[in-house]
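Enquirer: mmCIF, C-alpha atoms and all ligand atoms, saved as start_3.cif, coming up:
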```
data_work
#
loop_
_atom_site.group_PDB
_atom_site.id
_atom_site.type_symbol
_atom_site.label_atom_id
_atom_site.label_comp_id
_atom_site.auth_asym_id
_atom_site.auth_seq_id
_atom_site.Cartn_x
_atom_site.Cartn_y
_atom_site.Cartn_z
ATOM 1 C CA MET A 26 -9.100 12.462 3.416
ATOM 2 C CA GLN A 27 -5.608 11.102 3.769
ATOM 3 C CA ILE A 28 -3.845 9.220 0.979
ATOM 4 C CA LEU A 29 -1.224 6.689 2.040
ATOM 5 C CA ALA A 30 1.102 4.949 -0.418
ATOM 6 C CA ILE A 31 2.648 1.626 0.570
ATOM 7 C CA ILE A 32 5.908 1.350 -1.252
ATOM 8 C CA ASN A 33 9.220 -0.504 -1.378
ATOM 9 C CA ASN A 34 11.088 -1.307 -4.576
ATOM 10 C CA LYS A 35 11.959 -4.755 -3.277
ATOM 11 C CA GLY A 36 9.510 -7.474 -4.322
ATOM 12 C CA GLY A 37 7.686 -9.699 -1.863
ATOM 13 C CA VAL A 38 8.294 -7.616 1.272
ATOM 14 C CA GLY A 39 4.628 -7.520 2.286
ATOM 15 C CA LYS A 40 3.350 -4.383 0.535
ATOM 16 C CA THR A 41 0.110 -5.969 -0.651
ATOM 17 C CA THR A 42 -0.469 -7.982 2.535
ATOM 18 C CA SER A 43 -0.017 -4.769 4.506
ATOM 19 C CA ALA A 44 -2.137 -2.610 2.180
ATOM 20 C CA VAL A 45 -5.057 -5.045 2.330
ATOM 21 C CA ASN A 46 -4.896 -5.778 6.049
ATOM 22 C CA LEU A 47 -4.209 -2.199 7.157
ATOM 23 C CA ALA A 48 -7.066 -0.973 4.970
ATOM 24 C CA ALA A 49 -9.298 -3.646 6.531
ATOM 25 C CA ALA A 50 -8.121 -2.661 10.028
ATOM 26 C CA PHE A 51 -8.980 0.980 9.318
ATOM 27 C CA ALA A 52 -12.410 -0.060 7.993
ATOM 28 C CA GLU A 53 -12.957 -2.204 11.093
ATOM 29 C CA LYS A 54 -12.335 0.924 13.184
ATOM 30 C CA GLY A 55 -15.192 2.619 11.349
ATOM 31 C CA LYS A 56 -13.082 4.610 8.900
ATOM 32 C CA LYS A 57 -14.448 4.755 5.369
ATOM 33 C CA THR A 58 -11.559 3.251 3.454
ATOM 34 C CA LEU A 59 -10.656 2.786 -0.207
ATOM 35 C CA LEU A 60 -7.859 0.580 -1.448
ATOM 36 C CA VAL A 61 -6.573 1.368 -4.938
ATOM 37 C CA ASP A 62 -4.597 -1.402 -6.574
ATOM 38 C CA LEU A 63 -1.863 0.280 -8.621
ATOM 39 C CA ASP A 64 0.048 -2.915 -9.321
ATOM 40 C CA PRO A 65 -0.531 -4.601 -12.705
ATOM 41 C CA ALA A 66 0.029 -7.897 -10.859
ATOM 42 C CA ALA A 67 -3.381 -7.168 -9.262
ATOM 43 C CA SER A 68 -2.494 -9.008 -6.049
ATOM 44 C CA ALA A 69 -4.501 -6.691 -3.795
ATOM 45 C CA SER A 70 -7.541 -7.096 -6.064
ATOM 46 C CA LEU A 71 -7.205 -10.881 -5.882
ATOM 47 C CA HIS A 72 -6.666 -10.703 -2.125
ATOM 48 C CA LEU A 73 -10.028 -8.932 -1.905
ATOM 49 C CA GLY A 74 -11.752 -11.454 -4.170
ATOM 50 C CA MET A 75 -11.686 -9.463 -7.417
ATOM 51 C CA ASP A 76 -10.338 -11.387 -10.356
ATOM 52 C CA ARG A 77 -10.478 -9.730 -13.735
ATOM 53 C CA THR A 78 -9.881 -13.058 -15.474
ATOM 54 C CA GLN A 79 -13.106 -14.386 -13.895
ATOM 55 C CA ASP A 80 -15.344 -11.353 -14.147
ATOM 56 C CA GLU A 81 -15.495 -8.501 -16.567
ATOM 57 C CA GLN A 82 -15.650 -5.617 -14.146
ATOM 58 C CA PRO A 83 -13.822 -2.505 -15.353
ATOM 59 C CA THR A 84 -10.559 -1.784 -13.549
ATOM 60 C CA ILE A 85 -8.192 1.134 -12.989
ATOM 61 C CA CYS A 86 -6.861 0.332 -16.456
ATOM 62 C CA ASP A 87 -10.273 1.014 -18.040
ATOM 63 C CA TYR A 88 -10.504 4.193 -15.984
ATOM 64 C CA LEU A 89 -7.265 5.443 -17.519
ATOM 65 C CA LEU A 90 -8.201 4.293 -21.012
ATOM 66 C CA ASN A 91 -11.552 6.076 -20.740
ATOM 67 C CA GLY A 92 -9.881 9.401 -20.053
ATOM 68 C CA ALA A 93 -9.605 9.188 -16.255
ATOM 69 C CA GLN A 94 -13.177 10.335 -15.663
ATOM 70 C CA ASN A 95 -15.504 9.357 -12.814
ATOM 71 C CA LEU A 96 -13.315 7.117 -10.717
ATOM 72 C CA LYS A 97 -16.404 6.312 -8.660
ATOM 73 C CA ASN A 98 -17.581 4.052 -11.508
ATOM 74 C CA TYR A 99 -14.560 1.827 -10.930
ATOM 75 C CA ILE A 100 -14.952 1.487 -7.172
ATOM 76 C CA TYR A 101 -16.464 -1.730 -5.829
ATOM 77 C CA PRO A 102 -17.540 -2.680 -2.342
ATOM 78 C CA THR A 103 -15.620 -5.646 -0.929
ATOM 79 C CA ALA A 104 -17.005 -8.363 1.327
ATOM 80 C CA PHE A 105 -15.290 -6.546 4.197
ATOM 81 C CA GLN A 106 -17.617 -3.910 5.625
ATOM 82 C CA GLY A 107 -16.438 -0.340 5.120
ATOM 83 C CA LEU A 108 -13.714 -1.296 2.661
ATOM 84 C CA ASP A 109 -14.011 -0.512 -1.050
ATOM 85 C CA CYS A 110 -11.533 -1.281 -3.802
ATOM 86 C CA VAL A 111 -10.480 -0.091 -7.245
ATOM 87 C CA PRO A 112 -9.114 -3.266 -8.839
ATOM 88 C CA SER A 113 -6.197 -3.596 -11.230
ATOM 89 C CA GLU A 114 -5.296 -5.941 -14.085
ATOM 90 C CA PRO A 115 -2.124 -6.922 -15.970
ATOM 91 C CA ALA A 116 -2.916 -4.691 -18.977
ATOM 92 C CA LEU A 117 -2.367 -1.635 -16.761
ATOM 93 C CA SER A 118 1.375 -1.898 -17.147
ATOM 94 C CA GLU A 119 1.440 -1.647 -20.927
ATOM 95 C CA PHE A 120 -1.192 1.071 -21.282
ATOM 96 C CA TYR A 121 0.122 3.282 -18.563
ATOM 97 C CA GLU A 122 3.679 3.315 -19.843
ATOM 98 C CA GLU A 123 2.375 4.080 -23.346
ATOM 99 C CA MET A 124 0.312 6.994 -22.084
ATOM 100 C CA VAL A 125 3.197 8.432 -20.130
ATOM 101 C CA GLN A 126 5.489 8.174 -23.145
ATOM 102 C CA GLU A 127 2.941 10.031 -25.244
ATOM 103 C CA ALA A 128 2.856 12.651 -22.481
ATOM 104 C CA GLU A 129 -0.869 12.287 -21.990
ATOM 105 C CA ILE A 130 -0.447 13.654 -18.517
ATOM 106 C CA ASP A 131 -4.189 14.167 -18.150
ATOM 107 C CA TYR A 132 -4.377 10.441 -17.571
ATOM 108 C CA PHE A 133 -2.490 10.698 -14.309
ATOM 109 C CA ILE A 134 -4.597 9.784 -11.332
ATOM 110 C CA LYS A 135 -5.227 12.935 -9.309
ATOM 111 C CA PRO A 136 -6.199 13.317 -5.633
ATOM 112 C CA ASP A 137 -9.446 15.032 -6.673
ATOM 113 C CA ASP A 138 -10.492 11.799 -8.371
ATOM 114 C CA PHE A 139 -11.215 10.142 -5.024
ATOM 115 C CA PRO A 140 -14.779 10.625 -3.758
ATOM 116 C CA ASP A 141 -14.935 12.847 -0.654
ATOM 117 C CA LYS A 142 -16.714 10.238 1.429
ATOM 118 C CA TYR A 143 -13.479 8.331 2.095
ATOM 119 C CA ASP A 144 -11.472 9.018 5.237
ATOM 120 C CA PHE A 145 -8.473 7.057 3.965
ATOM 121 C CA VAL A 146 -7.165 5.888 0.619
ATOM 122 C CA PHE A 147 -4.449 3.214 0.560
ATOM 123 C CA LEU A 148 -2.395 2.813 -2.614
ATOM 124 C CA ASP A 149 -0.800 -0.594 -3.152
ATOM 125 C CA CYS A 150 2.256 0.112 -5.327
ATOM 126 C CA PRO A 151 4.150 -2.215 -7.673
ATOM 127 C CA PRO A 152 7.689 -3.244 -6.711
ATOM 128 C CA ASN A 153 9.374 -1.418 -9.582
ATOM 129 C CA LEU A 154 9.731 2.333 -9.200
ATOM 130 C CA GLY A 155 8.271 3.216 -12.587
ATOM 131 C CA ASN A 156 5.692 5.807 -13.511
ATOM 132 C CA LEU A 157 2.896 4.128 -11.563
ATOM 133 C CA ALA A 158 4.888 4.402 -8.369
ATOM 134 C CA TYR A 159 5.788 8.028 -9.151
ATOM 135 C CA ASN A 160 2.134 8.799 -9.743
ATOM 136 C CA ALA A 161 1.212 7.171 -6.434
ATOM 137 C CA LEU A 162 3.807 9.242 -4.558
ATOM 138 C CA ALA A 163 2.848 12.413 -6.413
ATOM 139 C CA ILE A 164 -0.722 12.249 -5.095
ATOM 140 C CA SER A 165 -0.070 10.862 -1.607
ATOM 141 C CA ASP A 166 0.043 12.645 1.719
ATOM 142 C CA PHE A 167 2.116 9.942 3.387
ATOM 143 C CA VAL A 168 4.349 6.987 2.612
ATOM 144 C CA LEU A 169 4.414 3.758 4.593
ATOM 145 C CA ILE A 170 7.455 1.557 4.011
ATOM 146 C CA PRO A 171 7.296 -2.131 4.908
ATOM 147 C CA VAL A 172 10.723 -3.658 5.466
ATOM 148 C CA GLN A 173 11.241 -7.381 5.260
ATOM 149 C CA THR A 174 13.269 -8.400 8.306
ATOM 150 C CA GLN A 175 15.813 -10.316 6.286
ATOM 151 C CA PHE A 176 19.449 -9.960 5.375
ATOM 152 C CA LEU A 177 20.284 -6.912 3.209
ATOM 153 C CA ALA A 178 16.765 -5.489 3.550
ATOM 154 C CA LEU A 179 18.130 -2.050 4.411
ATOM 155 C CA THR A 180 20.520 -1.828 1.459
ATOM 156 C CA GLY A 181 17.673 -1.915 -1.017
ATOM 157 C CA LEU A 182 15.761 0.734 0.913
ATOM 158 C CA GLU A 183 18.035 3.528 -0.246
ATOM 159 C CA LEU A 184 16.546 3.405 -3.752
ATOM 160 C CA THR A 185 13.034 3.749 -2.351
ATOM 161 C CA LEU A 186 14.167 6.695 -0.224
ATOM 162 C CA LYS A 187 15.822 8.390 -3.184
ATOM 163 C CA THR A 188 12.613 8.053 -5.173
ATOM 164 C CA VAL A 189 10.564 9.580 -2.346
ATOM 165 C CA GLN A 190 13.047 12.475 -2.109
ATOM 166 C CA LYS A 191 12.904 13.029 -5.872
ATOM 167 C CA VAL A 192 9.115 13.228 -5.744
ATOM 168 C CA GLN A 193 9.317 15.620 -2.771
ATOM 169 C CA ARG A 194 11.665 17.885 -4.754
ATOM 170 C CA HIS A 195 9.839 17.897 -8.061
ATOM 171 C CA LEU A 196 6.224 16.796 -7.747
ATOM 172 C CA ASN A 197 4.892 16.776 -4.207
ATOM 173 C CA PRO A 198 6.771 18.853 -1.607
ATOM 174 C CA ASP A 199 4.185 18.009 1.067
ATOM 175 C CA LEU A 200 4.805 14.269 0.851
ATOM 176 C CA GLN A 201 5.992 12.821 4.171
ATOM 177 C CA ILE A 202 7.308 9.438 5.190
ATOM 178 C CA LEU A 203 4.934 8.413 7.970
ATOM 179 C CA GLY A 204 7.068 5.466 8.982
ATOM 180 C CA TYR A 205 8.752 2.116 8.489
ATOM 181 C CA PHE A 206 7.627 -1.226 9.857
ATOM 182 C CA GLY A 207 9.227 -4.651 9.916
ATOM 183 C CA THR A 208 7.449 -7.517 8.176
ATOM 184 C CA GLN A 209 7.769 -11.302 8.011
ATOM 185 C CA PHE A 210 9.678 -11.227 11.292
ATOM 186 C CA ASP A 211 10.871 -14.667 12.354
ATOM 187 C CA ARG A 212 11.365 -14.506 16.110
ATOM 188 C CA ARG A 213 13.568 -17.588 16.029
ATOM 189 C CA THR A 214 16.334 -16.072 13.929
ATOM 190 C CA ARG A 215 19.077 -13.747 15.026
ATOM 191 C CA ALA A 216 19.224 -12.218 11.529
ATOM 192 C CA ALA A 217 15.639 -10.947 11.845
ATOM 193 C CA LYS A 218 16.365 -9.352 15.220
ATOM 194 C CA GLU A 219 19.478 -7.714 13.804
ATOM 195 C CA VAL A 220 17.522 -6.178 10.923
ATOM 196 C CA VAL A 221 14.996 -4.693 13.387
ATOM 197 C CA GLN A 222 17.881 -3.259 15.427
ATOM 198 C CA LEU A 223 19.507 -1.793 12.309
ATOM 199 C CA LEU A 224 16.188 -0.326 11.192
ATOM 200 C CA ASN A 225 15.735 1.364 14.575
ATOM 201 C CA LYS A 226 19.298 2.628 14.514
ATOM 202 C CA ARG A 227 18.955 4.071 11.025
ATOM 203 C CA PHE A 228 15.443 5.550 11.244
ATOM 204 C CA GLY A 229 14.838 5.955 14.996
ATOM 205 C CA LYS A 230 11.376 7.202 15.910
ATOM 206 C CA GLU A 231 10.182 6.819 12.342
ATOM 207 C CA VAL A 232 10.048 3.052 12.905
ATOM 208 C CA PHE A 233 6.711 1.768 14.202
ATOM 209 C CA ARG A 234 6.949 -0.345 17.332
ATOM 210 C CA THR A 235 4.669 -3.015 15.873
ATOM 211 C CA VAL A 236 6.540 -5.632 13.861
ATOM 212 C CA ILE A 237 4.549 -8.001 11.669
ATOM 213 C CA GLY A 238 5.663 -11.546 12.387
ATOM 214 C CA VAL A 239 5.731 -14.512 10.035
ATOM 215 C CA ASN A 240 2.246 -15.956 10.196
ATOM 216 C CA THR A 241 0.969 -18.649 7.856
ATOM 217 C CA LYS A 242 -2.601 -17.443 8.488
ATOM 218 C CA LEU A 243 -1.679 -14.354 6.448
ATOM 219 C CA VAL A 244 -0.822 -16.585 3.492
ATOM 220 C CA GLU A 245 -3.996 -18.646 4.016
ATOM 221 C CA ALA A 246 -6.077 -15.450 4.126
ATOM 222 C CA TYR A 247 -4.440 -14.283 0.875
ATOM 223 C CA ASN A 248 -5.348 -17.627 -0.752
ATOM 224 C CA ALA A 249 -8.885 -17.442 0.660
ATOM 225 C CA GLN A 250 -9.141 -13.918 -0.844
ATOM 226 C CA LYS A 251 -10.018 -12.277 2.435
ATOM 227 C CA PRO A 252 -8.266 -9.897 4.813
ATOM 228 C CA ILE A 253 -6.903 -11.828 7.803
ATOM 229 C CA LEU A 254 -9.180 -9.711 9.986
ATOM 230 C CA SER A 255 -12.210 -11.596 8.668
ATOM 231 C CA TYR A 256 -10.473 -14.885 7.764
ATOM 232 C CA ALA A 257 -8.875 -15.478 11.180
ATOM 233 C CA SER A 258 -9.846 -12.549 13.359
ATOM 234 C CA SER A 259 -7.941 -13.648 16.440
ATOM 235 C CA ALA A 260 -4.785 -14.845 14.654
ATOM 236 C CA ARG A 261 -1.532 -13.170 15.577
ATOM 237 C CA GLY A 262 -1.273 -11.537 12.146
ATOM 238 C CA ALA A 263 -4.710 -9.944 12.564
ATOM 239 C CA LYS A 264 -3.787 -8.584 16.001
ATOM 240 C CA GLU A 265 -0.514 -7.183 14.716
ATOM 241 C CA TYR A 266 -2.118 -5.401 11.767
ATOM 242 C CA ARG A 267 -4.735 -3.925 14.141
ATOM 243 C CA ALA A 268 -1.931 -2.741 16.441
ATOM 244 C CA LEU A 269 -0.054 -1.226 13.496
ATOM 245 C CA ALA A 270 -3.230 0.541 12.325
ATOM 246 C CA ASP A 271 -3.611 2.021 15.836
ATOM 247 C CA GLU A 272 -0.048 3.287 15.763
ATOM 248 C CA ILE A 273 -0.522 4.776 12.282
ATOM 249 C CA LEU A 274 -3.706 6.559 13.374
ATOM 250 C CA LYS A 275 -1.965 7.908 16.474
ATOM 251 C CA ARG A 276 0.894 9.238 14.368
ATOM 252 C CA LEU A 277 -1.555 10.863 11.944
ATOM 253 C CA LYS A 278 -3.367 12.468 14.873
ATOM 254 C CA LYS A 279 -0.086 13.891 16.143
ATOM 255 C CA LYS A 280 0.408 15.454 12.758
ATOM 256 C CA SER A 281 -3.159 16.810 13.145
ATOM 257 C CA LYS A 282 -4.176 15.035 9.993
ATOM 258 C CA VAL A 283 -7.191 13.186 11.402
HETATM 259 N N1 LIG B 301 3.854 -11.703 7.766
HETATM 260 C C1 LIG B 301 3.838 -12.655 6.845
HETATM 261 N N2 LIG B 301 3.936 -13.957 7.194
HETATM 262 C C2 LIG B 301 3.935 -14.937 6.263
HETATM 263 N N3 LIG B 301 3.820 -14.718 4.953
HETATM 264 C C3 LIG B 301 3.703 -13.438 4.532
HETATM 265 C C4 LIG B 301 3.697 -12.345 5.461
HETATM 266 N N4 LIG B 301 3.580 -11.192 4.741
HETATM 267 C C5 LIG B 301 3.508 -11.548 3.450
HETATM 268 N N5 LIG B 301 3.584 -12.882 3.317
HETATM 269 C C6 LIG B 301 3.580 -13.660 2.065
HETATM 270 O O1 LIG B 301 4.717 -13.269 1.320
HETATM 271 C C7 LIG B 301 4.398 -13.158 -0.065
HETATM 272 C C8 LIG B 301 4.711 -11.744 -0.523
HETATM 273 O O2 LIG B 301 3.857 -10.843 0.168
HETATM 274 P P1 LIG B 301 3.167 -9.619 -0.575
HETATM 275 O O3 LIG B 301 2.519 -10.055 -1.833
HETATM 276 O O4 LIG B 301 2.331 -8.908 0.415
HETATM 277 O O5 LIG B 301 4.456 -8.757 -0.898
HETATM 278 P P2 LIG B 301 4.597 -7.531 -1.929
HETATM 279 O O6 LIG B 301 5.658 -6.649 -1.387
HETATM 280 O O7 LIG B 301 3.280 -6.910 -2.191
HETATM 281 O O8 LIG B 301 5.101 -8.276 -3.240
HETATM 282 P P3 LIG B 301 5.256 -7.637 -4.713
HETATM 283 O O9 LIG B 301 6.504 -6.804 -4.639
HETATM 284 O O10 LIG B 301 5.394 -8.819 -5.601
HETATM 285 O O11 LIG B 301 4.049 -6.803 -4.967
HETATM 286 C C9 LIG B 301 2.930 -13.531 -0.183
HETATM 287 O O12 LIG B 301 2.852 -14.898 -0.541
HETATM 288 C C10 LIG B 301 2.378 -13.311 1.205
HETATM 289 O O13 LIG B 301 1.275 -14.168 1.504
HETATM 290 MG MG MG B 302 2.328 -6.499 -4.021
#
```
Would you kindly transcribe this structure into structure tokens?
Expert:
Amino acid sequence: MQILAIINNKGGVGKTTSAVNLAAAFAEKGKKTLLVDLDPAASASLHLGMDRTQDEQPTICDYLLNGAQNLKNYIYPTAFQGLDCVPSEPALSEFYEEMVQEAEIDYFIKPDDFPDKYDFVFLDCPPNLGNLAYNALAISDFVLIPVQTQFLALTGLELTLKTVQKVQRHLNPDLQILGYFGTQFDRRTRAAKEVVQLLNKRFGKEVFRTVIGVNTKLVEAYNAQKPILSYASSARGAKEYRALADEILKRLKKKSKV
């Protein structure tokens, strides 16, 4: 099993869109995939049709409150074949911070919590680099960093990198950055092209060749609470996320991790 955290401290860069659609692309390729929503905003849960305000299903928050036992009881199948999800809810924020302050470290999510049957676990992280993000990085094998192809996108990245390095030093020396990928790329603007060039210059081979373009079908799919792969299977956004998933799998194979 490989655990991949999708992280960037900047808000709205496409973390959740990428977590949901990459997880769906992996599932489509026959990989048993679990998406864990670690963001109290619960966007990934909503994207996959799970709304705690509508139904009473227990979430990752209940899992933590109940002593972090039997994660499998908090895993739900989604409408997308091969993709399961542990949903989140807004209360997660408050409870988690409280637990960390009281040093109840047993409540931290641990890699052993994930059932063996999964080939891949994707962690959708919140934009702030608080304890939830640290926990995600502490238990991950790899980090995927989406970068919005907009002005100043790279400046903000340094904080994310520092956090990854801190976790590598103190909590998880085996953690590796698998790569960076551009998101919300607007082919018509020079600024977007410049950001992709800068990204390649700064991170070289670590940057995936696939860039996710601006595609309104991705927003529609989000609103329809489905991955784009099932909402509009032949849309550009769906093809790009499939291509990115292929590249990620290839890179993992090179590292002999799959
Ligand atoms: N490639 C894209 N084309 C068009 N819209 C996109 C694309 N990627 C994401 N979006 C839209 O941009 C918004 C932010 O995306 P998303 O929620 O995935 O970002 P995020 O990094 O998870 O945000 P947050 O930091 O708040 O968790 C959403 O409305 C989403 O539908
Ligand atoms: Mg998000």
Enquirer: At a cut-off of 12 Å, using all atoms listed in the file, what residues contact Ala260 of chain A? Leave out same-chain residues fewer than 3 positions from it and give the result as a CSV table (one decimal) with C-alpha atoms, in the coordinates of the input.
Expert:
```
chain,number,residue,atom,x,y,z
A,237,ILE,CA,4.5,-8.0,11.7
A,238,GLY,CA,5.7,-11.5,12.4
A,239,VAL,CA,5.7,-14.5,10.0
A,240,ASN,CA,2.2,-16.0,10.2
A,241,THR,CA,1.0,-18.6,7.9
A,242,LYS,CA,-2.6,-17.4,8.5
A,243,LEU,CA,-1.7,-14.4,6.4
A,244,VAL,CA,-0.8,-16.6,3.5
A,245,GLU,CA,-4.0,-18.6,4.0
A,246,ALA,CA,-6.1,-15.4,4.1
A,252,PRO,CA,-8.3,-9.9,4.8
A,253,ILE,CA,-6.9,-11.8,7.8
A,254,LEU,CA,-9.2,-9.7,10.0
A,255,SER,CA,-12.2,-11.6,8.7
A,256,TYR,CA,-10.5,-14.9,7.8
A,257,ALA,CA,-8.9,-15.5,11.2
A,263,ALA,CA,-4.7,-9.9,12.6
A,264,LYS,CA,-3.8,-8.6,16.0
A,265,GLU,CA,-0.5,-7.2,14.7
A,266,TYR,CA,-2.1,-5.4,11.8
A,267,ARG,CA,-4.7,-3.9,14.1
```
Enquirer: What do you get, as a ChimeraX atom specification, if you spell out every residue that the PyMOL selection byres (((chain A and resi 274-279) around 12) and not hetatm) selects here?
Expert: /A:26-29,47-48,50-51,54,56,144-145,166-169,201-204,230-234,267-273,280-283
Enquirer: Identify all residues satisfying the PyMOL selection byres (((not hetatm)) within 7 of (chain B and resi 301)) in the given file; provide them as a PyMOL selection string.
Expert: chain A and resi 35-43+68+151-152+208-210+237-241+243-244+247+262
Enquirer: If we count all atoms listed in the file, what is near segment 106-121 of chain A at a cut-off of 6 Å, once residues fewer than 2 positions away on the same chain are taken out, given as a PyMOL selection string?
Expert: chain A and resi 52+57-62+65-67+70+84-86+99-103+123-124
Enquirer: Which of these residues is nearest to ligand MG 302 (chain B), using only C-alpha atoms and all ligand atoms: A:Asp137, A:Asp76, A:Glu53, A:Asp149?
Expert: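 Counting only C-alpha atoms and all ligand atoms, the residue closest to ligand MG 302 (chain B) is A:Asp149.
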Enquirer: Please write as a PDB file with C-alpha atoms, keeping the file's coordinate frame the full residue list that the PyMOL selection byres (((chain A and resi 225-227) around 12) and not hetatm) yields on this file.
Expert:
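The file below, out_4.pdb, is the result:
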```
ATOM      1  CA  VAL A 172      10.723  -3.658   5.466  1.00  0.00           C
ATOM      2  CA  THR A 174      13.269  -8.400   8.306  1.00  0.00           C
ATOM      3  CA  LEU A 179      18.130  -2.050   4.411  1.00  0.00           C
ATOM      4  CA  THR A 180      20.520  -1.828   1.459  1.00  0.00           C
ATOM      5  CA  LEU A 182      15.761   0.734   0.913  1.00  0.00           C
ATOM      6  CA  GLU A 183      18.035   3.528  -0.246  1.00  0.00           C
ATOM      7  CA  GLY A 204       7.068   5.466   8.982  1.00  0.00           C
ATOM      8  CA  TYR A 205       8.752   2.116   8.489  1.00  0.00           C
ATOM      9  CA  PHE A 206       7.627  -1.226   9.857  1.00  0.00           C
ATOM     10  CA  GLY A 207       9.227  -4.651   9.916  1.00  0.00           C
ATOM     11  CA  LYS A 218      16.365  -9.352  15.220  1.00  0.00           C
ATOM     12  CA  GLU A 219      19.478  -7.714  13.804  1.00  0.00           C
ATOM     13  CA  VAL A 220      17.522  -6.178  10.923  1.00  0.00           C
ATOM     14  CA  VAL A 221      14.996  -4.693  13.387  1.00  0.00           C
ATOM     15  CA  GLN A 222      17.881  -3.259  15.427  1.00  0.00           C
ATOM     16  CA  LEU A 223      19.507  -1.793  12.309  1.00  0.00           C
ATOM     17  CA  LEU A 224      16.188  -0.326  11.192  1.00  0.00           C
ATOM     18  CA  PHE A 228      15.443   5.550  11.244  1.00  0.00           C
ATOM     19  CA  GLY A 229      14.838   5.955  14.996  1.00  0.00           C
ATOM     20  CA  LYS A 230      11.376   7.202  15.910  1.00  0.00           C
ATOM     21  CA  GLU A 231      10.182   6.819  12.342  1.00  0.00           C
ATOM     22  CA  VAL A 232      10.048   3.052  12.905  1.00  0.00           C
ATOM     23  CA  PHE A 233       6.711   1.768  14.202  1.00  0.00           C
ATOM     24  CA  ARG A 234       6.949  -0.345  17.332  1.00  0.00           C
ATOM     25  CA  THR A 235       4.669  -3.015  15.873  1.00  0.00           C
ATOM     26  CA  VAL A 236       6.540  -5.632  13.861  1.00  0.00           C
TER      27      VAL A 236
END
```
Enquirer: In Å, how far is it from atom CA of Lys251 of chain A to atom CA of Ala44 of chain A?
Expert: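 Atom-to-atom, atom CA of Lys251 of chain A and atom CA of Ala44 of chain A are spaced 12.5 Å apart.
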Enquirer: So the first atom is atom CA of Gln250 of chain A and the second is atom CA of Gly74 of chain A; what is the distance between them in Å, to one decimal place?
Expert: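 Atom-to-atom, atom CA of Gln250 of chain A to atom CA of Gly74 of chain A, that is 4.9 Å.
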Enquirer: What is the atom CA of Ala104 of chain A to atom CA of Ala69 of chain A distance in Å?
Expert: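 Atom CA of Ala69 of chain A lies at a distance of 13.6 Å from atom CA of Ala104 of chain A.
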Enquirer: Which is closest to Phe147 of chain A among A:Thr185, A:Pro171, A:Asn46, A:Ala30, if we use all atoms listed in the file?
Expert: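 Smallest distance to Phe147 of chain A is found for A:Ala30.
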